[in-house]
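The file run-v4.cif comes next; it holds mmCIF, C-alpha atoms and all ligand atoms.
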data_coords
#
loop_
_atom_site.label_atom_id
_atom_site.label_comp_id
_atom_site.auth_asym_id
_atom_site.auth_seq_id
_atom_site.Cartn_x
_atom_site.Cartn_y
_atom_site.Cartn_z
CA MET A 18 -27.05 50.06 -10.22
CA PRO A 19 -26.21 49.69 -6.53
CA ASP A 20 -23.47 47.11 -5.98
CA PRO A 21 -24.99 44.09 -4.13
CA LYS A 22 -21.68 43.54 -2.32
CA LEU A 23 -21.81 47.09 -0.95
CA THR A 24 -25.51 47.28 -0.17
CA LYS A 25 -25.87 44.23 2.06
CA ALA A 26 -27.98 44.62 5.21
CA TRP A 27 -26.18 46.64 7.86
CA HIS A 28 -26.07 44.49 11.00
CA GLY A 29 -29.42 43.02 10.03
CA VAL A 30 -31.06 46.29 8.94
CA PRO A 31 -31.85 46.40 5.19
CA ARG A 32 -29.58 49.00 3.58
CA GLU A 33 -32.46 50.75 1.84
CA MET A 34 -34.09 51.38 5.24
CA ILE A 35 -31.15 53.55 6.31
CA ASP A 36 -30.96 57.08 5.02
CA TRP A 37 -27.19 57.54 4.82
CA HIS A 38 -25.48 59.13 1.83
CA PRO A 39 -23.73 62.38 0.95
CA THR A 40 -25.52 65.51 -0.21
CA VAL A 41 -23.50 68.02 -2.21
CA ASN A 42 -24.11 71.72 -1.92
CA GLU A 43 -23.34 72.72 -5.49
CA ASP A 44 -23.07 76.40 -4.62
CA ALA A 45 -20.16 75.64 -2.32
CA CYS A 46 -18.58 72.95 -4.55
CA ILE A 47 -15.59 74.07 -6.63
CA GLY A 48 -15.57 70.91 -8.74
CA CYS A 49 -12.16 69.65 -7.63
CA GLY A 50 -13.26 65.98 -7.82
CA THR A 51 -11.60 64.90 -4.58
CA CYS A 52 -14.80 63.28 -3.36
CA VAL A 53 -15.33 61.42 -6.63
CA THR A 54 -11.90 59.86 -6.91
CA GLY A 55 -11.49 59.46 -3.14
CA CYS A 56 -14.55 57.27 -2.62
CA GLY A 57 -13.70 53.63 -3.05
CA ARG A 58 -17.35 52.54 -3.23
CA GLY A 59 -18.42 54.15 -6.48
CA VAL A 60 -20.95 56.45 -4.86
CA TYR A 61 -20.09 59.36 -7.13
CA ARG A 62 -19.92 60.04 -10.83
CA PHE A 63 -18.58 63.31 -12.21
CA ASP A 64 -20.47 65.64 -14.48
CA PHE A 65 -17.58 66.86 -16.66
CA GLY A 66 -19.80 69.41 -18.37
CA ARG A 67 -20.76 71.23 -15.18
CA LYS A 68 -17.69 70.14 -13.21
CA LYS A 69 -19.85 68.86 -10.35
CA PRO A 70 -19.99 65.53 -8.51
CA VAL A 71 -23.18 63.51 -8.75
CA VAL A 72 -24.31 61.15 -6.01
CA ALA A 73 -25.15 58.35 -8.41
CA GLU A 74 -25.25 55.32 -6.10
CA PRO A 75 -26.28 56.57 -2.65
CA LEU A 76 -26.87 53.05 -1.31
CA ASN A 77 -23.23 52.15 -1.95
CA CYS A 78 -22.20 54.67 0.71
CA LEU A 79 -20.77 53.03 3.81
CA ILE A 80 -22.97 53.62 6.85
CA GLY A 81 -21.21 56.08 9.16
CA CYS A 82 -18.49 57.01 6.68
CA THR A 83 -17.98 60.75 6.17
CA THR A 84 -14.57 60.68 4.50
CA CYS A 85 -15.59 62.66 1.44
CA ALA A 86 -17.11 65.39 3.64
CA ASN A 87 -13.96 65.51 5.74
CA THR A 88 -11.70 65.86 2.71
CA CYS A 89 -13.82 68.32 0.74
CA PRO A 90 -11.85 71.58 0.67
CA THR A 91 -14.96 73.76 0.73
CA HIS A 92 -17.11 71.79 3.17
CA ALA A 93 -19.68 71.31 0.44
CA ILE A 94 -20.73 67.80 1.51
CA SER A 95 -23.11 66.98 4.33
CA PHE A 96 -24.59 63.85 5.89
CA PRO A 97 -27.59 63.06 8.08
CA PRO A 98 -26.87 63.45 11.80
CA LEU A 99 -24.76 60.65 13.29
CA GLU A 100 -27.39 60.27 16.03
CA ARG A 101 -29.44 58.40 13.45
CA ILE A 102 -26.86 55.63 13.48
CA ALA A 103 -26.46 55.79 17.24
CA GLN A 104 -30.23 55.25 17.53
CA LEU A 105 -30.01 52.15 15.35
CA LEU A 106 -27.15 50.78 17.42
CA GLU A 107 -29.18 51.21 20.58
CA LYS A 108 -31.70 48.63 19.36
CA PRO A 109 -30.91 45.30 21.05
CA GLU A 110 -31.63 43.38 17.82
CA VAL A 111 -28.94 45.35 15.98
CA HIS A 112 -26.52 44.93 18.84
CA HIS A 113 -27.23 41.18 18.83
CA VAL A 114 -26.48 40.88 15.10
CA VAL A 115 -23.15 42.66 15.69
CA GLU A 116 -22.45 40.15 18.43
CA GLU A 117 -23.34 37.19 16.14
CA GLU A 118 -21.09 38.62 13.43
CA LEU A 119 -18.17 38.92 15.81
CA LEU A 120 -18.67 35.42 17.15
CA ALA A 121 -19.03 33.94 13.65
CA ARG A 122 -15.73 35.49 12.60
CA GLN A 123 -13.93 34.92 15.87
CA ASP A 124 -11.12 32.86 14.30
CA GLN A 125 -10.40 35.63 11.84
CA LEU A 126 -10.90 38.64 14.11
CA SER A 127 -9.60 37.46 17.45
CA TRP A 128 -6.56 39.34 18.77
CA GLN A 129 -4.57 36.55 20.33
CA GLU A 130 -1.67 38.28 21.93
CA ALA A 131 -3.11 40.24 24.79
CA LEU A 132 -6.18 38.85 26.49
CA PRO A 133 -7.02 41.73 28.87
CA HIS A 134 -6.78 40.80 32.51
CA PRO A 135 -6.80 37.01 32.05
CA ASP A 136 -6.01 36.77 35.76
CA ARG A 137 -9.20 38.52 36.69
CA LEU A 138 -11.66 35.81 35.67
CA VAL A 139 -13.73 34.91 38.71
CA GLN A 140 -16.71 32.73 39.55
CA LEU A 141 -19.46 34.51 41.48
CA GLU A 142 -22.45 32.86 43.08
CA VAL A 143 -25.85 34.54 43.15
CA THR A 144 -26.96 34.82 46.79
CA GLN A 145 -29.88 37.21 46.55
CA ILE A 146 -32.18 38.63 43.88
CA GLU A 147 -34.44 41.47 44.87
CA PRO A 148 -36.59 43.79 42.76
CA ILE A 149 -35.68 47.41 43.38
CA GLY A 150 -37.58 50.34 41.97
CA GLN A 151 -39.89 49.65 39.07
CA HIS A 152 -37.61 48.06 36.51
CA ASN A 153 -34.47 47.08 38.37
CA LEU A 154 -33.01 44.12 40.19
CA LEU A 155 -30.54 44.18 43.00
CA VAL A 156 -28.36 41.08 42.67
CA THR A 157 -25.99 40.08 45.40
CA LEU A 158 -23.01 37.92 44.45
CA LYS A 159 -20.40 36.23 46.55
CA PRO A 160 -17.09 34.64 45.56
CA HIS A 161 -17.67 31.01 44.61
CA ARG A 162 -14.18 30.02 45.74
CA GLU A 163 -11.76 31.78 48.06
CA SER A 164 -9.59 32.73 45.11
CA ASP A 165 -12.52 34.58 43.51
CA CYS A 166 -12.38 37.53 45.91
CA MET A 167 -13.09 41.06 44.75
CA CYS A 168 -10.40 42.45 47.06
CA GLN A 169 -8.89 44.64 44.34
CA PHE A 170 -12.17 46.50 43.87
CA THR A 171 -12.13 50.29 43.94
CA PRO A 172 -15.58 51.91 44.17
CA GLY A 173 -16.79 53.03 40.76
CA GLN A 174 -15.41 50.02 38.90
CA TYR A 175 -17.41 47.45 36.95
CA LEU A 176 -17.57 43.75 36.17
CA GLU A 177 -18.06 41.99 32.87
CA ILE A 178 -20.42 39.06 33.23
CA TRP A 179 -21.38 36.24 30.91
CA VAL A 180 -24.81 34.63 30.62
CA PRO A 181 -24.13 31.03 31.69
CA GLY A 182 -24.36 28.38 28.99
CA THR A 183 -24.45 30.76 26.01
CA PRO A 184 -21.82 31.80 23.48
CA TRP A 185 -22.77 35.46 23.95
CA MET A 186 -20.22 38.00 24.93
CA SER A 187 -19.99 39.51 28.39
CA ARG A 188 -21.98 42.56 29.50
CA ALA A 189 -20.61 45.28 31.78
CA TYR A 190 -22.23 46.23 35.08
CA SER A 191 -21.03 48.66 37.70
CA ILE A 192 -20.54 47.29 41.18
CA GLY A 193 -22.85 49.01 43.65
CA SER A 194 -20.96 48.32 46.86
CA ALA A 195 -17.53 47.67 48.24
CA PRO A 196 -17.13 43.96 49.13
CA ARG A 197 -18.72 43.11 52.48
CA GLU A 198 -16.79 41.14 55.07
CA ASP A 199 -17.73 37.84 53.42
CA GLY A 200 -16.82 39.20 50.00
CA ARG A 201 -20.37 39.87 48.80
CA ILE A 202 -20.91 42.62 46.27
CA GLU A 203 -24.07 44.00 44.69
CA LEU A 204 -25.13 44.85 41.18
CA HIS A 205 -28.07 47.02 40.15
CA LEU A 206 -29.51 45.67 36.90
CA ARG A 207 -31.80 47.78 34.75
CA ARG A 208 -34.05 45.78 32.45
CA VAL A 209 -33.19 46.49 28.83
CA GLU A 210 -36.12 45.45 26.62
CA GLY A 211 -34.79 42.62 24.44
CA GLY A 212 -31.35 42.76 26.09
CA ARG A 213 -29.81 39.30 26.34
CA PHE A 214 -28.21 39.52 29.76
CA THR A 215 -31.03 41.36 31.52
CA THR A 216 -33.75 39.19 29.94
CA TRP A 217 -31.91 36.15 31.29
CA ALA A 218 -31.33 37.81 34.66
CA PHE A 219 -34.94 38.92 35.10
CA GLU A 220 -36.51 35.68 33.84
CA GLN A 221 -34.15 32.82 34.61
CA MET A 222 -31.43 33.75 37.06
CA LYS A 223 -31.83 32.10 40.45
CA VAL A 224 -30.06 32.00 43.76
CA GLY A 225 -27.20 29.51 43.56
CA ASP A 226 -26.34 30.20 39.91
CA VAL A 227 -22.61 30.61 39.36
CA LEU A 228 -21.60 33.34 36.94
CA THR A 229 -18.28 33.79 35.24
CA ALA A 230 -17.14 37.39 35.46
CA ARG A 231 -14.06 39.45 34.72
CA GLY A 232 -13.04 42.34 36.88
CA PRO A 233 -13.06 44.62 38.66
CA LEU A 234 -12.26 46.86 35.71
CA GLY A 235 -12.34 50.53 34.78
CA ASN A 236 -10.92 53.89 35.79
CA PHE A 237 -14.09 55.57 37.00
CA VAL A 238 -12.79 55.86 40.55
CA ILE A 239 -12.20 58.78 42.90
CA ARG A 240 -9.10 60.62 41.73
CA SER A 241 -9.55 63.84 43.67
CA SER A 242 -7.28 65.12 46.41
CA LEU A 243 -8.51 64.44 49.93
CA ASP A 244 -9.56 68.01 50.64
CA LYS A 245 -11.60 68.46 47.47
CA PRO A 246 -15.39 68.75 47.82
CA LEU A 247 -17.15 66.38 45.45
CA LEU A 248 -20.25 66.51 43.33
CA PHE A 249 -21.95 63.29 42.17
CA VAL A 250 -24.60 63.17 39.49
CA ALA A 251 -26.37 59.93 38.61
CA ARG A 252 -29.23 58.97 36.34
CA GLY A 253 -31.09 55.69 36.83
CA THR A 254 -28.80 52.78 37.64
CA GLY A 255 -25.84 55.10 37.13
CA PHE A 256 -26.50 55.35 40.86
CA ALA A 257 -24.66 52.01 41.40
CA PRO A 258 -21.06 53.20 40.98
CA ILE A 259 -21.90 56.54 42.58
CA LYS A 260 -23.38 54.82 45.60
CA ALA A 261 -20.21 52.73 46.00
CA MET A 262 -18.08 55.87 45.74
CA ILE A 263 -20.08 57.85 48.30
CA GLU A 264 -20.11 54.89 50.67
CA GLN A 265 -16.31 54.79 50.41
CA GLN A 266 -15.93 58.54 50.93
CA LEU A 267 -18.21 58.64 53.98
CA LYS A 268 -15.91 56.07 55.58
CA LEU A 269 -12.53 57.31 54.41
CA THR A 270 -12.98 61.08 54.38
CA PRO A 271 -15.90 61.89 56.69
CA GLN A 272 -15.05 65.61 56.65
CA ARG A 273 -15.29 65.86 52.89
CA ASN A 274 -18.21 67.81 51.51
CA LEU A 275 -20.33 65.57 49.24
CA ALA A 276 -23.35 66.48 47.13
CA LEU A 277 -25.45 64.03 45.13
CA PHE A 278 -28.03 64.72 42.43
CA TRP A 279 -29.85 61.51 41.45
CA GLY A 280 -32.48 61.57 38.73
CA VAL A 281 -34.96 58.91 37.59
CA THR A 282 -37.93 58.94 35.25
CA ASP A 283 -40.62 58.03 37.78
CA THR A 284 -40.39 58.28 41.56
CA ARG A 285 -41.17 54.53 41.63
CA ASP A 286 -37.71 54.01 40.09
CA PHE A 287 -35.94 55.18 43.24
CA TYR A 288 -34.41 52.63 45.57
CA GLU A 289 -32.11 52.72 48.61
CA LEU A 290 -33.70 55.99 49.74
CA HIS A 291 -33.54 54.82 53.34
CA LEU A 292 -29.77 54.52 52.95
CA LEU A 293 -29.47 58.02 51.47
CA ALA A 294 -31.64 59.39 54.28
CA SER A 295 -29.46 57.70 56.88
CA TRP A 296 -26.35 59.20 55.30
CA ALA A 297 -27.94 62.65 55.28
CA LYS A 298 -28.96 62.24 58.90
CA SER A 299 -25.62 61.04 60.18
CA ASP A 300 -23.34 63.20 58.06
CA PRO A 301 -23.90 66.96 57.88
CA ASN A 302 -21.45 67.10 54.95
CA PHE A 303 -23.67 64.96 52.73
CA ARG A 304 -26.40 66.65 50.71
CA CYS A 305 -28.76 64.83 48.34
CA VAL A 306 -31.22 66.10 45.75
CA LEU A 307 -33.57 63.59 44.10
CA THR A 308 -35.29 64.34 40.83
CA ALA A 309 -37.97 62.58 38.79
CA ARG A 310 -40.01 63.56 35.78
CA LYS A 311 -43.09 61.76 37.07
CA ILE A 312 -44.29 61.78 40.65
CA SER A 313 -46.26 58.62 41.39
CA ALA A 314 -48.91 58.33 44.07
CA GLY A 315 -47.55 57.56 47.50
CA PHE A 316 -44.14 59.11 47.01
CA THR A 317 -42.85 61.01 49.98
CA VAL A 318 -39.48 62.68 50.24
CA PRO A 319 -37.47 61.03 53.02
CA GLU A 320 -36.40 63.33 55.82
CA GLY A 321 -33.11 65.04 55.16
CA LEU A 322 -33.29 64.68 51.34
CA LYS A 323 -34.51 67.25 48.82
CA PHE A 324 -36.72 66.61 45.81
CA ARG A 325 -37.29 68.53 42.61
CA ALA A 326 -39.59 67.52 39.74
CA GLY A 327 -37.77 67.30 36.39
CA THR A 328 -34.31 66.15 35.37
CA CYS A 329 -31.13 65.95 37.37
CA TYR A 330 -29.42 68.40 35.00
CA ASP A 331 -32.20 70.98 35.34
CA ALA A 332 -32.01 70.60 39.11
CA LEU A 333 -28.26 71.03 38.96
CA ALA A 334 -28.61 74.17 36.83
CA ALA A 335 -31.12 75.74 39.23
CA ASP A 336 -29.67 74.65 42.57
CA PRO A 337 -28.06 77.36 44.73
CA LEU A 338 -25.27 74.95 45.79
CA GLU A 339 -21.82 76.35 44.96
CA ILE A 340 -20.22 73.78 42.66
CA ALA A 341 -17.41 75.47 40.73
CA HIS A 342 -14.75 74.37 43.24
CA ARG A 343 -15.85 70.72 43.25
CA ASP A 344 -14.68 67.72 41.28
CA ALA A 345 -17.62 66.06 39.55
CA TYR A 346 -18.37 62.37 39.00
CA VAL A 347 -21.21 61.68 36.58
CA ALA A 348 -22.78 58.30 35.73
CA GLY A 349 -25.74 57.47 33.53
CA PRO A 350 -26.98 57.16 29.95
CA LEU A 351 -24.91 59.06 27.41
CA LYS A 352 -27.59 61.63 26.57
CA THR A 353 -28.07 62.58 30.21
CA VAL A 354 -24.34 62.68 30.76
CA GLN A 355 -23.97 65.09 27.83
CA ALA A 356 -26.70 67.35 29.24
CA VAL A 357 -25.07 67.26 32.68
CA LEU A 358 -21.66 68.14 31.18
CA GLN A 359 -23.10 71.26 29.61
CA VAL A 360 -24.51 72.41 32.96
CA LEU A 361 -21.27 71.63 34.79
CA LYS A 362 -19.23 73.62 32.30
CA ARG A 363 -21.68 76.52 32.45
CA ARG A 364 -21.42 76.45 36.22
CA GLY A 365 -17.64 76.64 36.15
CA ILE A 366 -16.28 73.09 36.46
CA PRO A 367 -13.59 72.56 33.80
CA SER A 368 -13.65 69.30 31.85
CA GLU A 369 -10.44 68.02 33.46
CA ARG A 370 -12.26 67.95 36.81
CA ILE A 371 -15.24 66.00 35.46
CA PHE A 372 -15.11 62.19 35.43
CA ILE A 373 -17.77 60.24 33.59
CA ASP A 374 -19.18 56.75 33.32
CA ALA A 375 -21.66 56.67 30.44
CA PHE A 376 -23.70 53.81 29.02
CA GLY A 377 -26.25 53.45 26.23
CA SER A 378 -29.72 54.73 27.00
S1 LIG B 1 -14.58 67.48 -2.84
FE1 LIG B 1 -16.03 69.11 -2.39
S2 LIG B 1 -15.43 70.75 -3.75
FE2 LIG B 1 -14.39 68.93 -4.53
S3 LIG B 1 -15.88 68.13 -6.03
FE3 LIG B 1 -16.35 67.12 -4.13
S4 LIG B 1 -17.96 68.41 -3.26
FE4 LIG B 1 -16.98 69.60 -4.82
S1 LIG B 2 -18.95 58.77 2.92
FE1 LIG B 2 -17.38 57.35 2.36
S2 LIG B 2 -18.44 55.73 1.25
FE2 LIG B 2 -19.85 57.46 1.38
S3 LIG B 2 -19.55 58.56 -0.47
FE3 LIG B 2 -18.17 59.51 1.01
S4 LIG B 2 -16.21 58.44 0.82
FE4 LIG B 2 -17.78 57.24 -0.26
#
Before we go any further, please render this structure as structure tokens.
Amino acid sequence: MPDPKLTKAWHGVPREMIDWHPTVNEDACIGCGTCVTGCGRGVYRFDFGRKKPVVAEPLNCLIGCTTCANTCPTHAISFPPLERIAQLLEKPEVHHVVEEELLARQDQLSWQEALPHPDRLVQLEVTQIEPIGQHNLLVTLKPHRESDCMCQFTPGQYLEIWVPGTPWMSRAYSIGSAPREDGRIELHLRRVEGGRFTTWAFEQMKVGDVLTARGPLGNFVIRSSLDKPLLFVARGTGFAPIKAMIEQQLKLTPQRNLALFWGVTDTRDFYELHLLASWAKSDPNFRCVLTARKISAGFTVPEGLKFRAGTCYDALAADPLEIAHRDAYVAGPLKTVQAVLQVLKRRGIPSERIFIDAFGS
């Protein structure tokens, strides 16, 4: 019988709905028993006659655990692909249950000693909300008090922001611009279906709201020497940190050679194309390739920019641009980032010269 203590719903998903348990390849198994005695959840029994493990209680297996496979001397144990769990974790409802669990056990789980960056809590006032592209919002924020400045910001960094009036935890968003003279910064928000912060932002946020935020945070910043040509690759709102970085480089190192590949799903998802076109026009060292899987009616490629149907990584693979000598900065959903990394490595950029900022798709 499955143990009810071990087969509780996994972050709200009934255990029996999740196919996660070991499978033993008996041909490879030498019957050592390590998996049987090593599992603390009673998943295995041992067939002493045949000297083989038996997966007797598959539902007792801990979701994501692969200890018995890792310790099997003959690699006889396999599991379903881990992507299956990653896909579950991408569902907002699962993520929300994890959040509720953390909050419910805060007294027990809270690490009291080192609140990260307690000095970086700031109050930011919403000054502008503007739809950009098909599914995105551009939100402009300014310091609510003088002490709330974003002066320490380095392009590429992010903020953590709380939904006002809720116990929910903060969400991270890249900052899409260096602070303007009056301290304003911009965020590019992509609507996540069912996501708590973006649902609030798209449906309730209004000019004048004051948000508590922590930041700027993160190490996704330009680390290359001044003479190094740079390659930027962005997918969707991964454009935000990349835009801030390019903006910085055009000002600080106008001679530096910069190339951007920016991919979206549908050409209606593009935004700020006028800005990219103005950069391409005014700076001969800036080159930009746009990509989209779907070309919607009315789309025209702004002068000075290039366009290719498909993905940013396919465009990158096919483009004649010499990239092996560049440092690369890549921002976007994890799956795209992984595909981009493969192309970059194939095209000669070693991993130590690739910097990434990945988020869930
Ligand atoms: S650890 Fe591997 S070899 Fe040993 S009994 Fe288990 S499956 Fe067989
Ligand atoms: S993966 Fe972990 S919980 Fe599952 S059977 Fe192996 S050791 Fe036990």
Contact table chain A vs ligand LIG 2 (chain B), cut-off 12 Å, shortest pair per residue, all atoms listed in the file, as CSV:
residue,atom,partner,partner_atom,distance
A:Leu23,CA,B:LIG2,S2,9.5
A:Thr24,CA,B:LIG2,S2,11.1
A:Asp36,CA,B:LIG2,FE2,11.7
A:Trp37,CA,B:LIG2,FE2,8.1
A:His38,CA,B:LIG2,FE2,5.9
A:Pro39,CA,B:LIG2,S3,5.8
A:Thr40,CA,B:LIG2,S3,9.2
A:Val41,CA,B:LIG2,S3,10.4
A:Gly50,CA,B:LIG2,S4,11.8
A:Thr51,CA,B:LIG2,S4,9.6
A:Cys52,CA,B:LIG2,S4,6.5
A:Val53,CA,B:LIG2,S3,8.0
A:Thr54,CA,B:LIG2,S4,9.0
A:Gly55,CA,B:LIG2,S4,6.2
A:Cys56,CA,B:LIG2,S4,4.0
A:Gly57,CA,B:LIG2,FE4,6.1
A:Arg58,CA,B:LIG2,FE4,5.6
A:Gly59,CA,B:LIG2,FE4,7.0
A:Val60,CA,B:LIG2,S3,5.1
A:Tyr61,CA,B:LIG2,S3,6.7
A:Arg62,CA,B:LIG2,S3,10.5
A:Pro70,CA,B:LIG2,S3,10.6
A:Val71,CA,B:LIG2,S3,10.3
A:Val72,CA,B:LIG2,S3,7.7
A:Ala73,CA,B:LIG2,S3,9.7
A:Glu74,CA,B:LIG2,S3,8.6
A:Pro75,CA,B:LIG2,S3,7.3
A:Leu76,CA,B:LIG2,FE2,8.7
A:Asn77,CA,B:LIG2,S2,6.8
A:Cys78,CA,B:LIG2,FE2,3.7
A:Leu79,CA,B:LIG2,S2,4.4
A:Ile80,CA,B:LIG2,FE2,7.4
A:Gly81,CA,B:LIG2,S1,7.2
A:Cys82,CA,B:LIG2,S1,4.2
A:Thr83,CA,B:LIG2,S1,3.9
A:Thr84,CA,B:LIG2,S4,4.6
A:Cys85,CA,B:LIG2,FE3,4.1
A:Ala86,CA,B:LIG2,FE3,6.5
A:Asn87,CA,B:LIG2,FE3,8.7
A:Thr88,CA,B:LIG2,S4,8.9
A:Cys89,CA,B:LIG2,FE3,9.8
A:Ala93,CA,B:LIG2,FE3,11.9
A:Ile94,CA,B:LIG2,FE3,8.7
A:Ser95,CA,B:LIG2,S1,9.3
A:Phe96,CA,B:LIG2,S1,8.2
A:Pro97,CA,B:LIG2,S1,10.9
(message) At a cut-off of 9 Å, using only C-alpha atoms, what residues contact Gly253 (chain A)? Leave out same-chain residues fewer than 3 positions from it and give the result as a PyMOL selection string.
(response) chain A and resi 207+256-257+279-282+286-287+348-350
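Neighbouring residues of region 262-273 of chain A at 8 Å or closer, counting only C-alpha atoms and skipping chain neighbours under 3 positions away, are Pro172, Gly173, Ser194, Ala195, Val238, Ile239, Leu243, Asp244, Lys245, Pro246, Leu247, Pro258, Ile259, Asp300 and Asn302 of chain A.
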Ser164 (chain A) surroundings by all atoms listed in the file, 12 Å radius, close-in-sequence under 2 positions cut, as a compact mmCIF listing (two decimals) with C-alpha atoms, in the frame of the given file:
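Resulting contents of result.txt:
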# COMPACT_ATOMS: atom_id res chain seq x y z
CA ASP A 136 -6.01 36.77 35.76
CA ARG A 137 -9.20 38.52 36.69
CA LEU A 138 -11.66 35.81 35.67
CA VAL A 139 -13.73 34.91 38.71
CA GLN A 140 -16.71 32.73 39.55
CA LEU A 141 -19.46 34.51 41.48
CA LYS A 159 -20.40 36.23 46.55
CA PRO A 160 -17.09 34.64 45.56
CA HIS A 161 -17.67 31.01 44.61
CA ARG A 162 -14.18 30.02 45.74
CA CYS A 166 -12.38 37.53 45.91
CA MET A 167 -13.09 41.06 44.75
CA CYS A 168 -10.40 42.45 47.06
CA GLN A 169 -8.89 44.64 44.34
CA GLY A 200 -16.82 39.20 50.00
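The space between CA of Lys323 (chain A) and CA of Ala345 (chain A) spans 19.3 Å.
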(message) If I take CA of Glu198 (chain A) and CA of Glu177 (chain A), how far is one from the other in Å, to one decimal?
(response) 22.3 Å
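For the pair CA of Arg364 (chain A) and CA of Ala251 (chain A), the separation is 17.4 Å.
The closest residue to Asp226 (chain A), picked from A:Ala332, A:Val156, A:Leu119, A:Ala341 and counting only C-alpha atoms, is A:Val156.
Minimum atom-to-atom distances from A:Thr229, A:Ser295, A:Thr254, A:Gln151 to Ser191 (chain A) were compared using all atoms listed in the file, and the lowest value belongs to A:Thr254.
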Once 8 Å is added on each side, what are the centre and the three edge lengths, in Å to one decimal, of the axis-aligned box enclosing the listed atoms of ligand LIG 1 (chain B)? Present them as AutoDock Vina command-line options.
--center_x -16.2 --center_y 68.9 --center_z -4.2 --size_x 19.6 --size_y 19.6 --size_z 19.6
(request) Choose the residue, out of A:Asp44, A:Glu118, A:Asp124, A:Glu220, that has the smallest atom-to-atom separation from ligand LIG 1 (chain B); count all atoms listed in the file. (result) A:Asp44
(request) Measuring atom to atom with only C-alpha atoms and all ligand atoms, identify which of A:Gly255, A:Pro367, A:Gly48, A:Gly235 is nearest to ligand LIG 1 (chain B). (result) A:Gly48
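The nearest approach to ligand LIG 1 (chain B) among the residues A:Leu293, A:Leu126, A:Ala45, A:Ile35, with only C-alpha atoms and all ligand atoms taken into account, belongs to A:Ala45.
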(message) Nearest residue to Thr353 (chain A) out of A:Phe372, A:Tyr330, A:Phe278, A:Phe303, using only C-alpha atoms?
(response) A:Tyr330
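Selecting by distance to (-27.6, 62.1, 48.0) with a limit of 9 Å and using all atoms listed in the file, one obtains Phe249, Lys260, Ile263, Leu275, Ala276, Leu277, Phe278, Trp279, Leu290, Leu293, Ala294, Trp296, Ala297, Phe303, Arg304, Cys305, Val306, Leu307, Leu322 and Lys323 of chain A.
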(request) May I have the residues within 7 Å of Asn153 (chain A) as a list in words, using all atoms listed in the file and disregarding those fewer than 2 positions away in the same chain? (result) Pro148, Ile149, Gly150, Gln151, Leu155, His205, Leu206, Arg207 and Arg208 of chain A
